[in-house]
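Undergrad: Sharing my_file_32.cif (mmCIF, C-alpha atoms) below.
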data_target
loop_
_atom_site.label_atom_id
_atom_site.label_comp_id
_atom_site.auth_asym_id
_atom_site.auth_seq_id
_atom_site.Cartn_x
_atom_site.Cartn_y
_atom_site.Cartn_z
CA MET K 17 31.73 -14.23 -12.76
CA PRO K 18 30.58 -14.88 -9.18
CA HIS K 19 27.13 -13.79 -8.09
CA THR K 20 26.84 -10.73 -5.86
CA PRO K 21 23.73 -9.71 -3.93
CA SER K 22 23.21 -6.68 -6.21
CA GLU K 23 23.12 -8.95 -9.26
CA PRO K 24 20.47 -11.62 -8.61
CA ALA K 25 21.46 -15.04 -9.91
CA PRO K 26 18.86 -17.31 -11.50
CA ALA K 27 17.88 -20.41 -9.57
CA ALA K 28 17.20 -23.79 -11.15
CA PRO K 29 13.59 -25.02 -10.99
CA VAL K 30 12.72 -27.64 -8.39
CA ALA K 31 12.93 -31.21 -9.70
CA GLY K 32 9.62 -32.66 -10.84
CA THR K 33 7.98 -29.34 -11.69
CA ALA K 34 7.01 -27.97 -15.08
CA PRO K 35 10.01 -26.13 -16.55
CA VAL K 36 9.67 -22.47 -17.41
CA ARG K 37 11.71 -20.70 -20.04
CA PRO K 38 14.45 -18.73 -18.29
CA ALA K 39 14.09 -14.97 -18.11
CA ALA K 40 16.83 -12.50 -17.28
CA VAL K 41 17.04 -9.23 -15.42
CA ARG K 42 17.11 -6.46 -18.03
CA ARG K 43 17.67 -3.42 -15.82
CA GLN K 44 17.35 -2.33 -12.20
CA VAL K 45 16.82 1.18 -10.86
CA THR K 46 15.95 2.67 -7.47
CA VAL K 47 12.57 4.39 -7.24
CA PRO K 48 11.37 6.36 -4.17
CA MET K 49 7.76 5.64 -3.21
CA ARG K 50 5.19 7.61 -1.22
CA PHE K 51 1.58 6.63 -0.54
CA PRO K 52 -1.34 9.02 0.06
CA ASP K 53 -1.26 8.32 3.81
CA GLY K 54 2.35 9.50 3.96
CA TYR K 55 4.09 6.13 4.17
CA ALA K 56 7.35 6.30 2.21
CA THR K 57 10.02 3.82 1.20
CA SER K 58 12.19 3.06 -1.80
CA ALA K 59 12.20 0.10 -4.16
CA ARG K 60 14.79 -1.46 -6.40
CA VAL K 61 12.70 -1.94 -9.54
CA PHE K 62 13.66 -4.74 -11.92
CA THR K 63 12.67 -5.15 -15.57
CA PHE K 64 13.14 -8.39 -17.47
CA ASP K 65 13.91 -9.92 -20.85
CA GLY K 66 12.33 -13.17 -21.99
CA LEU K 67 9.03 -13.10 -20.10
CA ALA K 68 6.58 -15.61 -21.55
CA ASP K 69 3.73 -13.22 -22.35
CA GLY K 70 5.87 -10.32 -23.57
CA ARG K 71 4.27 -7.84 -21.16
CA GLU K 72 6.12 -5.28 -19.04
CA HIS K 73 5.85 -6.81 -15.58
CA LEU K 74 7.95 -5.41 -12.73
CA ALA K 75 9.60 -6.77 -9.60
CA LEU K 76 10.10 -4.38 -6.69
CA GLY K 77 12.88 -5.29 -4.30
CA LEU K 78 11.83 -3.86 -0.91
CA GLY K 79 13.69 -3.56 2.36
CA ASP K 80 16.86 -5.63 2.68
CA TRP K 81 15.94 -7.96 -0.17
CA ARG K 82 19.60 -8.85 -0.77
CA ARG K 83 19.98 -10.21 2.75
CA SER K 84 16.68 -12.05 2.42
CA LEU K 85 17.89 -13.78 -0.76
CA THR K 86 21.18 -14.77 0.88
CA ARG K 87 19.44 -16.06 4.01
CA SER K 88 17.00 -18.12 1.95
CA ALA K 89 19.77 -19.58 -0.21
CA ASN K 90 21.56 -20.67 2.98
CA GLY K 91 18.51 -22.52 4.29
CA GLY K 92 17.03 -19.74 6.42
CA ARG K 93 13.64 -18.08 6.15
CA PRO K 94 12.18 -17.99 2.64
CA VAL K 95 11.85 -14.70 0.81
CA LEU K 96 8.58 -12.84 1.43
CA VAL K 97 6.88 -12.27 -1.94
CA ARG K 98 3.56 -10.84 -3.09
CA PRO K 99 2.39 -11.29 -6.70
CA HIS K 100 0.06 -8.30 -7.10
CA SER K 101 -2.13 -8.05 -10.19
CA GLU K 102 -2.42 -4.54 -11.59
CA CYS K 103 -5.67 -2.74 -10.71
CA LEU K 104 -5.84 0.78 -12.10
CA THR K 105 -9.14 1.55 -10.42
CA GLY K 106 -8.01 0.37 -6.99
CA ASP K 107 -4.25 1.00 -7.01
CA VAL K 108 -4.35 4.45 -8.61
CA PHE K 109 -7.90 5.83 -8.34
CA GLY K 110 -8.66 4.48 -4.87
CA SER K 111 -11.80 2.59 -5.89
CA GLN K 112 -13.49 0.79 -3.01
CA ARG K 113 -15.17 -1.77 -5.25
CA CYS K 114 -12.22 -4.07 -4.51
CA ASP K 115 -9.47 -4.37 -1.91
CA CYS K 116 -6.53 -4.08 -4.32
CA GLY K 117 -5.30 -0.62 -3.32
CA PRO K 118 -5.18 -1.36 0.43
CA GLN K 119 -3.56 -4.74 -0.26
CA LEU K 120 -0.84 -3.05 -2.32
CA ARG K 121 -0.20 -0.50 0.41
CA GLU K 122 -0.08 -3.19 3.10
CA ALA K 123 2.20 -5.44 1.05
CA VAL K 124 4.76 -2.72 0.38
CA GLU K 125 5.14 -1.97 4.09
CA ARG K 126 5.22 -5.60 5.21
CA ILE K 127 7.73 -6.64 2.56
CA SER K 128 9.87 -3.56 3.28
CA GLU K 129 10.06 -4.66 6.93
CA ALA K 130 10.95 -8.28 6.10
CA GLY K 131 12.97 -7.82 2.91
CA GLY K 132 11.59 -9.36 -0.26
CA PHE K 133 9.80 -8.70 -3.51
CA LEU K 134 6.49 -7.36 -4.76
CA LEU K 135 5.73 -8.51 -8.30
CA TYR K 136 3.54 -6.00 -10.12
CA LEU K 137 1.82 -8.08 -12.78
CA ARG K 138 0.02 -6.50 -15.73
CA GLN K 139 -3.09 -8.68 -15.39
CA GLU K 140 -5.90 -6.16 -15.04
CA GLY K 141 -9.34 -7.54 -14.19
CA ARG K 142 -8.13 -11.06 -13.39
CA GLY K 143 -6.46 -11.10 -16.78
CA ILE K 144 -9.35 -9.85 -18.96
CA GLY K 145 -8.11 -6.27 -19.37
CA LEU K 146 -9.22 -2.84 -18.22
CA TYR K 147 -12.12 -2.21 -20.62
CA ALA K 148 -13.54 -5.69 -20.04
CA LYS K 149 -13.20 -5.21 -16.28
CA LEU K 150 -15.29 -2.05 -16.50
CA ASP K 151 -17.83 -3.95 -18.62
CA ALA K 152 -17.89 -6.53 -15.81
CA TYR K 153 -18.53 -3.74 -13.30
CA ALA K 154 -21.60 -2.74 -15.29
CA LEU K 155 -22.87 -6.32 -15.14
CA GLN K 156 -22.19 -6.46 -11.41
CA ASP K 157 -24.39 -3.40 -11.04
CA THR K 158 -27.25 -5.51 -12.44
CA GLY K 159 -26.73 -8.24 -9.82
CA LEU K 160 -24.04 -10.58 -11.12
CA ASP K 161 -21.08 -11.35 -8.90
CA THR K 162 -17.49 -10.72 -9.97
CA TYR K 163 -17.01 -14.24 -11.41
CA GLU K 164 -20.41 -14.44 -13.10
CA ALA K 165 -19.77 -11.11 -14.81
CA ASN K 166 -16.50 -12.32 -16.34
CA VAL K 167 -18.17 -15.46 -17.66
CA ALA K 168 -21.11 -13.47 -19.06
CA LEU K 169 -18.58 -11.49 -21.12
CA GLY K 170 -17.16 -14.68 -22.61
CA HIS K 171 -14.08 -14.83 -20.37
CA GLY K 172 -12.93 -17.32 -17.79
CA GLU K 173 -13.66 -16.61 -14.15
CA ASP K 174 -9.97 -15.90 -13.60
CA GLU K 175 -7.61 -15.84 -16.59
CA ARG K 176 -4.43 -14.99 -14.69
CA ASP K 177 -1.35 -17.07 -15.40
CA TYR K 178 1.64 -16.89 -13.08
CA THR K 179 4.27 -18.23 -15.48
CA THR K 180 5.88 -14.80 -15.73
CA ALA K 181 5.84 -14.47 -11.94
CA ALA K 182 7.76 -17.73 -11.67
CA GLN K 183 10.22 -16.58 -14.36
CA MET K 184 10.84 -13.34 -12.49
CA LEU K 185 11.39 -15.03 -9.14
CA LEU K 186 13.76 -17.60 -10.58
CA ALA K 187 15.69 -14.87 -12.41
CA LEU K 188 16.03 -13.00 -9.12
CA GLY K 189 17.21 -16.12 -7.29
CA ALA K 190 14.08 -16.40 -5.14
CA ARG K 191 13.35 -20.12 -5.38
CA ARG K 192 12.00 -20.49 -1.82
CA VAL K 193 9.26 -18.05 -0.91
CA ALA K 194 6.67 -17.19 1.70
CA LEU K 195 3.70 -16.01 -0.34
CA LEU K 196 1.86 -12.93 0.93
CA SER K 197 -1.54 -13.77 -0.53
CA ASN K 198 -5.04 -14.97 0.34
CA ASN K 199 -5.35 -16.75 -3.01
CA PRO K 200 -4.49 -20.48 -3.05
CA ASP K 201 -4.30 -20.50 -6.87
CA LYS K 202 -1.19 -18.33 -6.80
CA ALA K 203 0.62 -20.81 -4.57
CA GLU K 204 -0.51 -23.80 -6.63
CA GLN K 205 0.58 -22.28 -9.93
CA LEU K 206 3.96 -21.11 -8.64
CA GLY K 207 4.62 -24.50 -7.09
CA ARG K 208 3.96 -26.24 -10.40
CA LEU K 209 6.30 -23.80 -12.14
CA GLY K 210 9.35 -24.44 -10.00
CA VAL K 211 9.03 -21.96 -7.13
CA HIS K 212 8.86 -23.65 -3.73
CA VAL K 213 6.11 -21.95 -1.73
CA GLU K 214 7.00 -22.84 1.85
CA SER K 215 4.10 -20.95 3.41
CA ARG K 216 1.20 -18.72 2.52
CA VAL K 217 0.88 -15.56 4.60
CA PRO K 218 -2.58 -13.96 4.51
CA THR K 219 -2.97 -10.25 3.99
CA GLY K 220 -5.24 -8.16 6.15
CA VAL K 221 -8.95 -8.00 5.39
CA HIS K 222 -9.75 -4.60 3.90
CA VAL K 223 -13.53 -4.57 3.97
CA SER K 224 -16.04 -1.80 3.45
CA ALA K 225 -19.71 -1.51 2.61
CA ALA K 226 -18.71 -1.09 -1.05
CA ASN K 227 -16.67 -4.29 -1.37
CA VAL K 228 -18.13 -6.73 1.18
CA ARG K 229 -20.02 -8.75 -1.46
CA TYR K 230 -16.90 -8.86 -3.65
CA LEU K 231 -14.80 -10.19 -0.77
CA ALA K 232 -17.43 -12.67 0.35
CA THR K 233 -17.62 -14.07 -3.18
CA LYS K 234 -13.84 -14.54 -3.28
CA ALA K 235 -13.97 -16.38 0.04
CA THR K 236 -16.82 -18.72 -0.90
CA HIS K 237 -16.14 -19.22 -4.61
CA SER K 238 -12.35 -19.50 -4.84
CA ALA K 239 -11.30 -20.35 -1.27
CA HIS K 240 -9.52 -17.08 -0.54
CA THR K 241 -8.33 -16.92 3.06
CA LEU K 242 -10.58 -14.16 4.36
CA ASP K 243 -12.07 -13.86 7.82
CA LEU K 244 -14.76 -11.35 7.06
CA PRO K 245 -16.27 -9.26 9.86
CA MET K 246 -19.85 -8.10 9.84
CA VAL K 247 -20.32 -4.75 8.10
CA ASP K 248 -23.21 -2.47 9.04
#
Please rewrite the model in this file as structure tokens.

TA:
Amino acid sequence: MPHTPSEPAPAAPVAGTAPVRPAAVRRQVTVPMRFPDGYATSARVFTFDGLADGREHLALGLGDWRRSLTRSANGGRPVLVRPHSECLTGDVFGSQRCDCGPQLREAVERISEAGGFLLYLRQEGRGIGLYAKLDAYALQDTGLDTYEANVALGHGEDERDYTTAAQMLLALGARRVALLSNNPDKAEQLGRLGVHVESRVPTGVHVSAANVRYLATKATHSAHTLDLPMVD
């Protein structure tokens, strides 16, 4: 049966990359969205079968994502994509210890304007989980930075794996992407897994007195693309 824009077709991995096990779209539904500042849009939310880690990750199709897929498949601009790791404290509770909530808000609007996908990945605390992330917060309050705290708890500095993100993108037909991210590791992992990252588009810098050390550590320790202003 021929592919239609409302039924994303899987794309084959790029030659020479590590193969990923194919995943498939399980269901898609439209969900209206509204943020605390009043910004509203709607998303086509996709669930999947066959994801490598068995978790319930989501892809949100925003704006004219169908047109974006078609344009990319025909050699035009790549699809704008943000892999966003779940952050309950920042995304839901508005914590200012990180920049996750503002990044999510920014990404939804920018992707809605361009047409593309936001991947909401269940990788709380750089993959260590919610309780461990809060344990890491307690250690940060004693002077450790965000990476040191994870290691002190017996975890890796960053345990996130983007295999499922690659599976989701390939299942949606998004083989060529522009990555909305400051994190070079996301681009490197997706590239190895068969998604061609044609460019990396930095997000804004959402800095406050509460998160400036956190952001500075990301910039110096893991080469995040962040042009940090001075904060009084």

Undergrad: Go through range 72-143 of chain K and flag each residue having an atom no more than 12 Å from range 34-43 of chain K; for those, report the closest pair of atoms plus their distance in Å to one decimal, using all atoms listed in the file, ordered by chain and rising number, as a Markdown table.

TA:
| residue | atom | partner | partner_atom | distance |
| --- | --- | --- | --- | --- |
| K:Glu72 | CA | K:Arg42 | CA | 11.1 |
| K:His73 | CA | K:Val41 | CA | 11.4 |
| K:Leu74 | CA | K:Val41 | CA | 10.2 |
| K:Ala75 | CA | K:Val41 | CA | 9.8 |
| K:Leu76 | CA | K:Arg43 | CA | 11.9 |

Undergrad: Could you write out as a ChimeraX atom specification the residues that the PyMOL selection byres ((chain K and resi 94-104) around 6) matches in the shown file?

TA: /K:84,88,93,105-108,132-140,192-196

Undergrad: Report as a list in words the residues that result from applying the PyMOL selection byres ((chain K and resi 184) around 10) to the structure here.

TA: Pro26, Pro38, Ala39, Ala40, Val41, Phe62, Thr63, Phe64, Asp65, Gly66, Leu67, His73, Leu74, Ala75, Leu135, Tyr178, Thr179, Thr180, Ala181, Ala182, Gln183, Leu185, Leu186, Ala187, Leu188, Gly189 and Ala190 of chain K

Undergrad: Please list as a list of chain:residue names every residue within 9 Å of Ala168 in chain K, counting only C-alpha atoms and excluding residues in the same chain fewer than 6 positions away.

TA: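 That gives K:Ala152, K:Leu155, K:Leu160.
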
Undergrad: Counting only C-alpha atoms, find the residues whose atoms lie at most 12 Å from (-9.7, -7.3, -18.1) (file coordinates) and write them out as a ChimeraX atom specification.

TA: /K:101-105,138-153,162,165-167,169-176

Undergrad: Take CA of Pro218 in chain K and CA of Arg126 in chain K and report the distance between them in Å, one decimal.

TA: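 CA of Pro218 in chain K sits 11.5 Å away from CA of Arg126 in chain K.
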
Undergrad: Carefully work through the PyMOL selection byres ((chain K and resi 121-124) around 8) for this structure and note down the residues it includes, as a list in words.

TA: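 Checked against the file, the PyMOL selection byres ((chain K and resi 121-124) around 8) matches Phe51, Leu78, Arg98, Gly117, Pro118, Gln119, Leu120, Glu125, Arg126, Ile127, Ser128, Leu134, Leu196, Thr219 and Gly220 of chain K.
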
Undergrad: May I have the residues from that selection written out with C-alpha atoms, as a short mmCIF file (atom, residue, chain, number, x, y, z; two decimals), keeping the file's coordinate frame?

TA:
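So selection-v6.cif came out as:
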data_model
loop_
_atom_site.label_atom_id
_atom_site.label_comp_id
_atom_site.auth_asym_id
_atom_site.auth_seq_id
_atom_site.Cartn_x
_atom_site.Cartn_y
_atom_site.Cartn_z
CA PHE K 51 1.58 6.63 -0.54
CA LEU K 78 11.83 -3.86 -0.91
CA ARG K 98 3.56 -10.84 -3.09
CA GLY K 117 -5.30 -0.62 -3.32
CA PRO K 118 -5.18 -1.36 0.43
CA GLN K 119 -3.56 -4.74 -0.26
CA LEU K 120 -0.84 -3.05 -2.32
CA GLU K 125 5.14 -1.97 4.09
CA ARG K 126 5.22 -5.60 5.21
CA ILE K 127 7.73 -6.64 2.56
CA SER K 128 9.87 -3.56 3.28
CA LEU K 134 6.49 -7.36 -4.76
CA LEU K 196 1.86 -12.93 0.93
CA THR K 219 -2.97 -10.25 3.99
CA GLY K 220 -5.24 -8.16 6.15
#

Undergrad: With only C-alpha atoms counted, which protein, DNA or RNA residues have an atom no more than 7 Å from (11.4, -25.1, -2.9) in the file frame? Please answer as a count of residues only.

TA: 7
